[in-house]
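J.: I have a structure I would like to understand better, so I am pasting it below and will then ask my questions one at a time.
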Amino acid sequence: MQAIWPLLSFIIQFTMHDRLSFYYFRDSLLHRLNPLTKLALVFGLILVSFISPFYWTPHLLILAGIIPLAFVGKVTREYLNATFRIILPATGFLFIMQSLFQPFEGRELFRVWFLHPTVESTLFAFRNAARVFAMASSFTIFLLTTHPRELMTDLTRRGLPPQIAYVIISTLQILPQMQAKAQTIMAAQRSRGLDTQSSFLRRAGSLVPLVRPLVFGSLVEVEERAIAIEARGFTSTHTKTFLHEIPDTSVDKTIRWFLAALVIIALALRIWLS
Amino acid sequence: MEVISQNIVYFIIAIAIMVALFIWAYSANRMQKDFSTMTWVLIPVAIAINGVIGYIVGQLKLPVFLDSIGTVLVGALCGPWAGALTGALSNFVIGILTNPTDWWPWIPVAFFIGLVAGLCANAGLFKSWWKVVVTGFLIALTAATVSTPIAVYFFGGITSSGSSFITAYLLQTGQGIIQAVFSTNFLVEPVDKISTAMLAFAIVQGLSKRFLARFPRAENVETEGGASQTQLFIAIGVVILLILFAIFVLSRITGG
């Protein structure tokens, strides 16, 4: 009975990682934006929240910028899900550790055993956690609303080497396949009595029979794949055409300039106020 | 108060240096030879190896990461620039698939792991077990050095990984934040990176000569003849000594 639980958790994790990425298809304003605009939006939000000299900027950006963006993109449920499962635990840990251990002199909030957070360290940790929260949230919303293939097609059109795009797209396909294979191998070796739960040395020893078939199996495919894509003109230097056209409207350009202006203003304020 | 003031600026400078290095190497024709079709096809597989072995290690609850075996492999087989590219893209793509916050800030670290692995292999340090231990140690040194400023300026020194408890302890003993983070990294990295390099070498050993010869830097991994079995045991001995040393230093820190 006990052995069923890790197996179940594998199945759950597997079904979660089976999808190509975070992406959800919805018909929304955010989905229709050019991928580069969304990327600019992400980096604009991060840069402003890190550069701005005012204490409450990251908190404000989260409440007034990032959460409404999730609404606009119609991915609120998925975003909140990711927030509670991944982002909040991580930033919460960051906040607690930093408020307890940042060595700032100042008024003590309380003292338990050797822990004595000060007002300064707590404020510092609160802003830092908000910044990391803003960073993680904007990445998450970006990935929820942008298909990797769209992003790569658009960037290739703008001059990204097609080889890089190939590497990213094909990794996104190979990784879930290999993960599935890893689970099969793990289950197979377990059913033959491989020990994956007991002492440290046993677990370290069971790494080899798990890793070996996986790695060599996937490396063998490399040569065939190289011949296959070579036959399809992978290294050809002629200009290539695109199957999907990705729109880039004047609204996109305006948003990008606006974001650039915001970042410059934040930088100017930071220099001017310090 | 303003430890964090220039965090993102430093990060952007680091990324800019990486891109500049890459463009320099590309324009100086230092890497065209290394990027054959075999290289471009190996890179996705290597990234998948990084991700999946990291996942298996997590499932076995071993106290290491081992998430750069593929990066070291590409560095050795296809040269430093291919290794560096693999590292950077690896963190990028695994971030897309799992959780960007844990992966994207560490892109420069992965970049330098691949670069140093490739440079060591070029210098002939990927041909026998004890040389691979040296490679692993050099990679660990680089990784510790590069990840320190990122941890300090991005996360205020305390990240979401388990080794942060050591950092927190060192901060309590009154050490500066940079020293605390660096000593933590220096305790944790060597064990991880030396086992990474040794596993990558074991993979190379298991591949046929005919297959290896198709990669641009196959001469880097030609093994020297001799008693490789004894050398393996010596290398494992060195790793165990390092682990004991780390435990000793840790107990000294917590004791005094």
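Identifiers in the structure tokens: chain A, B, ... in order shown; residue index from 1 per chain; ligand index from 1 in order shown.
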According to DSSP computed on the backbone, where in range 6-201 of chain A is there alpha helix (DSSP H)? Give the residues as a PyMOL selection string.
T.: chain A and resi 6-17+29-32+35-51+57-61+67-72+76-82+88-101+119-145+148-157+162-191+200-201
J.: Using only C-alpha atoms, find each residue of chain B with at least one atom at most 6 Å away from an atom of chain A; report its shortest atom-to-atom pair and that distance in Å (one decimal), sort the rows by chain and rising residue number, and return the result as a Markdown table.
T.:
```
| residue | atom | partner | partner_atom | distance |
| --- | --- | --- | --- | --- |
| B:Thr37 | CA | A:Ala226 | CA | 6.0 |
| B:Met38 | CA | A:Ala226 | CA | 5.6 |
| B:Val41 | CA | A:Ala226 | CA | 5.9 |
| B:Pro44 | CA | A:Thr171 | CA | 4.7 |
| B:Ala48 | CA | A:Leu175 | CA | 4.8 |
| B:Val52 | CA | A:Gln179 | CA | 5.9 |
| B:Leu97 | CA | A:Ser21 | CA | 5.3 |
| B:Thr101 | CA | A:Ala136 | CA | 5.5 |
| B:Ala168 | CA | A:Phe101 | CA | 5.9 |
```
J.: Pull N, CA and C atoms from the residues just selected and write them as a compact mmCIF listing (two decimals), in the first residue's frame.
T.:
```txt
# COMPACT_ATOMS: atom_id res chain seq x y z
N THR B 37 26.27 20.58 -37.47
CA THR B 37 24.88 20.13 -37.26
C THR B 37 24.80 19.19 -36.06
N MET B 38 25.82 18.34 -35.88
CA MET B 38 25.83 17.43 -34.74
C MET B 38 25.74 18.23 -33.44
N VAL B 41 22.25 19.51 -32.84
CA VAL B 41 21.31 18.47 -32.46
C VAL B 41 21.61 17.94 -31.06
N PRO B 44 19.91 20.25 -27.69
CA PRO B 44 18.62 19.97 -27.04
C PRO B 44 18.65 18.71 -26.19
N ALA B 48 17.92 18.38 -22.21
CA ALA B 48 16.96 17.42 -21.65
C ALA B 48 17.63 16.54 -20.60
N VAL B 52 16.30 16.18 -16.85
CA VAL B 52 15.76 14.90 -16.37
C VAL B 52 16.63 14.32 -15.27
N LEU B 97 9.70 25.63 -18.67
CA LEU B 97 8.89 24.44 -18.42
C LEU B 97 8.49 24.29 -16.96
N THR B 101 11.54 31.66 -11.85
CA THR B 101 12.29 32.32 -10.78
C THR B 101 13.46 31.49 -10.29
N ALA B 168 22.56 31.91 6.37
CA ALA B 168 21.90 32.61 7.47
C ALA B 168 22.71 32.47 8.75
```
J.: Taking into account only C-alpha atoms, which residue in the set B:Ala117, B:Val152, B:Leu60, B:Ala246 is nearest to Leu73 in chain B?
T.: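 The shortest atom-to-atom distance to Leu73 in chain B comes from B:Ala117.
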J.: What's the 9 Å shell around Phe35 in chain B, counting only C-alpha atoms, without same-chain residues fewer than 4 positions away, as a list in words?
T.: Met31, Thr39, Trp40, Cys78, Gly79, Trp81, Ala82 and Pro216 of chain B
J.: Fewer than 4 positions away in the same chain doesn't count, so skip those; otherwise give me all residues within 12 Å of Thr241 in chain A, counting only C-alpha atoms, as a PyMOL selection string.
T.: chain A and resi 153+156-157+162+245
J.: Got time to write the residues from that selection, C-alpha atoms, as a PDB file, in the first residue's frame?
T.:
```pdb
ATOM      1  CA  THR A 153       8.959  32.636 -34.883  1.00  0.00           C
ATOM      2  CA  THR A 156      13.604  34.658 -35.758  1.00  0.00           C
ATOM      3  CA  ARG A 157      11.859  37.117 -38.060  1.00  0.00           C
ATOM      4  CA  PRO A 162      17.179  30.012 -36.542  1.00  0.00           C
ATOM      5  CA  GLU A 245       2.544  35.335 -39.850  1.00  0.00           C
TER       6      GLU A 245
END
```
J.: Can you work out the spacing between CA of Ser27 in chain B and CA of Ile15 in chain B in Å, to one decimal?
T.: 18.2 Å
J.: Can you tell me, as a PyMOL selection string, what residues are no more than 10 Å from range 228-235 of chain B when counting only C-alpha atoms, ignoring any on the same chain fewer than 5 positions away?
T.: chain B and resi 128-134+194-195+198+202+223+240-241
J.: Those residues with C-alpha atoms, as a short mmCIF file (atom, residue, chain, number, x, y, z; two decimals), in the first residue's frame please?
T.:
```cif
data_model
loop_
_atom_site.label_atom_id
_atom_site.label_comp_id
_atom_site.auth_asym_id
_atom_site.auth_seq_id
_atom_site.Cartn_x
_atom_site.Cartn_y
_atom_site.Cartn_z
CA SER B 128 41.43 10.57 -17.31
CA TRP B 129 39.64 10.31 -13.99
CA TRP B 130 41.95 12.45 -11.89
CA LYS B 131 42.08 15.16 -14.54
CA VAL B 132 38.30 15.18 -14.61
CA VAL B 133 38.31 15.79 -10.85
CA VAL B 134 40.51 18.85 -11.50
CA ILE B 194 33.05 17.15 -9.34
CA SER B 195 30.38 14.46 -9.39
CA MET B 198 32.75 12.52 -13.35
CA ALA B 202 31.44 8.19 -17.48
CA THR B 223 41.20 8.68 -23.12
CA ILE B 240 34.97 11.44 -0.35
CA LEU B 241 37.88 13.40 1.17
#
```
J.: Find the residues near range 141-145 of chain B: any atom within 10 Å, counting only C-alpha atoms, skip ones fewer than 6 places away on the same chain, and give them as a PDB file with N, CA and C atoms, in the first residue's frame.
T.:
```
ATOM      1  N   TRP B 106      19.925  32.432 -12.762  1.00  0.00           N
ATOM      2  CA  TRP B 106      21.204  31.707 -12.717  1.00  0.00           C
ATOM      3  C   TRP B 106      21.761  31.419 -14.107  1.00  0.00           C
ATOM      4  N   PRO B 108      23.737  33.228 -16.050  1.00  0.00           N
ATOM      5  CA  PRO B 108      25.186  33.450 -16.174  1.00  0.00           C
ATOM      6  C   PRO B 108      26.015  32.330 -15.559  1.00  0.00           C
ATOM      7  N   VAL B 109      25.550  31.755 -14.447  1.00  0.00           N
ATOM      8  CA  VAL B 109      26.302  30.674 -13.802  1.00  0.00           C
ATOM      9  C   VAL B 109      26.418  29.485 -14.746  1.00  0.00           C
ATOM     10  N   ALA B 110      25.272  29.107 -15.352  1.00  0.00           N
ATOM     11  CA  ALA B 110      25.289  27.966 -16.274  1.00  0.00           C
ATOM     12  C   ALA B 110      26.171  28.256 -17.474  1.00  0.00           C
ATOM     13  N   PHE B 111      26.125  29.517 -17.946  1.00  0.00           N
ATOM     14  CA  PHE B 111      26.971  29.932 -19.069  1.00  0.00           C
ATOM     15  C   PHE B 111      28.439  29.653 -18.755  1.00  0.00           C
ATOM     16  N   PHE B 112      28.893  30.095 -17.568  1.00  0.00           N
ATOM     17  CA  PHE B 112      30.308  29.940 -17.237  1.00  0.00           C
ATOM     18  C   PHE B 112      30.674  28.493 -16.922  1.00  0.00           C
ATOM     19  N   ILE B 113      29.719  27.706 -16.419  1.00  0.00           N
ATOM     20  CA  ILE B 113      29.995  26.284 -16.203  1.00  0.00           C
ATOM     21  C   ILE B 113      30.353  25.620 -17.527  1.00  0.00           C
ATOM     22  N   LEU B 115      31.357  27.116 -20.296  1.00  0.00           N
ATOM     23  CA  LEU B 115      32.572  27.715 -20.855  1.00  0.00           C
ATOM     24  C   LEU B 115      33.819  27.105 -20.223  1.00  0.00           C
ATOM     25  N   VAL B 116      33.831  27.019 -18.887  1.00  0.00           N
ATOM     26  CA  VAL B 116      35.008  26.492 -18.197  1.00  0.00           C
ATOM     27  C   VAL B 116      35.198  25.013 -18.497  1.00  0.00           C
ATOM     28  N   THR B 135      39.034  19.244 -13.405  1.00  0.00           N
ATOM     29  CA  THR B 135      38.042  20.004 -14.164  1.00  0.00           C
ATOM     30  C   THR B 135      36.846  20.353 -13.290  1.00  0.00           C
ATOM     31  N   VAL B 181      27.907  34.337   1.732  1.00  0.00           N
ATOM     32  CA  VAL B 181      27.378  33.630   0.565  1.00  0.00           C
ATOM     33  C   VAL B 181      28.495  32.864  -0.119  1.00  0.00           C
ATOM     34  N   PHE B 182      29.675  33.505  -0.235  1.00  0.00           N
ATOM     35  CA  PHE B 182      30.763  32.843  -0.942  1.00  0.00           C
ATOM     36  C   PHE B 182      31.224  31.598  -0.205  1.00  0.00           C
ATOM     37  N   SER B 183      31.327  31.675   1.125  1.00  0.00           N
ATOM     38  CA  SER B 183      31.791  30.467   1.828  1.00  0.00           C
ATOM     39  C   SER B 183      30.764  29.364   1.734  1.00  0.00           C
ATOM     40  N   THR B 184      29.471  29.718   1.751  1.00  0.00           N
ATOM     41  CA  THR B 184      28.450  28.683   1.571  1.00  0.00           C
ATOM     42  C   THR B 184      28.615  28.002   0.221  1.00  0.00           C
ATOM     43  N   ASN B 185      28.707  28.834  -0.847  1.00  0.00           N
ATOM     44  CA  ASN B 185      28.863  28.265  -2.183  1.00  0.00           C
ATOM     45  C   ASN B 185      30.097  27.389  -2.251  1.00  0.00           C
ATOM     46  N   PHE B 186      31.159  27.865  -1.608  1.00  0.00           N
ATOM     47  CA  PHE B 186      32.418  27.139  -1.696  1.00  0.00           C
ATOM     48  C   PHE B 186      32.344  25.795  -0.978  1.00  0.00           C
ATOM     49  N   LEU B 187      31.467  25.702   0.013  1.00  0.00           N
ATOM     50  CA  LEU B 187      31.279  24.410   0.679  1.00  0.00           C
ATOM     51  C   LEU B 187      30.426  23.480  -0.161  1.00  0.00           C
ATOM     52  N   VAL B 188      29.412  24.043  -0.831  1.00  0.00           N
ATOM     53  CA  VAL B 188      28.427  23.198  -1.499  1.00  0.00           C
ATOM     54  C   VAL B 188      28.874  22.789  -2.898  1.00  0.00           C
ATOM     55  N   GLU B 189      29.491  23.740  -3.646  1.00  0.00           N
ATOM     56  CA  GLU B 189      29.714  23.506  -5.068  1.00  0.00           C
ATOM     57  C   GLU B 189      30.679  22.364  -5.407  1.00  0.00           C
ATOM     58  N   PRO B 190      31.886  22.262  -4.767  1.00  0.00           N
ATOM     59  CA  PRO B 190      32.835  21.259  -5.251  1.00  0.00           C
ATOM     60  C   PRO B 190      32.269  19.855  -5.342  1.00  0.00           C
ATOM     61  N   LYS B 193      29.856  19.723  -8.377  1.00  0.00           N
ATOM     62  CA  LYS B 193      30.412  19.881  -9.716  1.00  0.00           C
ATOM     63  C   LYS B 193      31.407  18.774 -10.052  1.00  0.00           C
TER      64      LYS B 193
END
```
J.: Just to confirm, what's the straight-line distance from CA of Ala88 in chain B to CA of Ile107 in chain B in Å (one decimal)?
T.: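 Atom-to-atom, CA of Ala88 in chain B to CA of Ile107 in chain B, that is 5.0 Å.
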J.: For CA of Gly83 in chain B and CA of Ser164 in chain B, determine how far apart the two atoms are, in Å to one decimal place.
T.: 28.0 Å
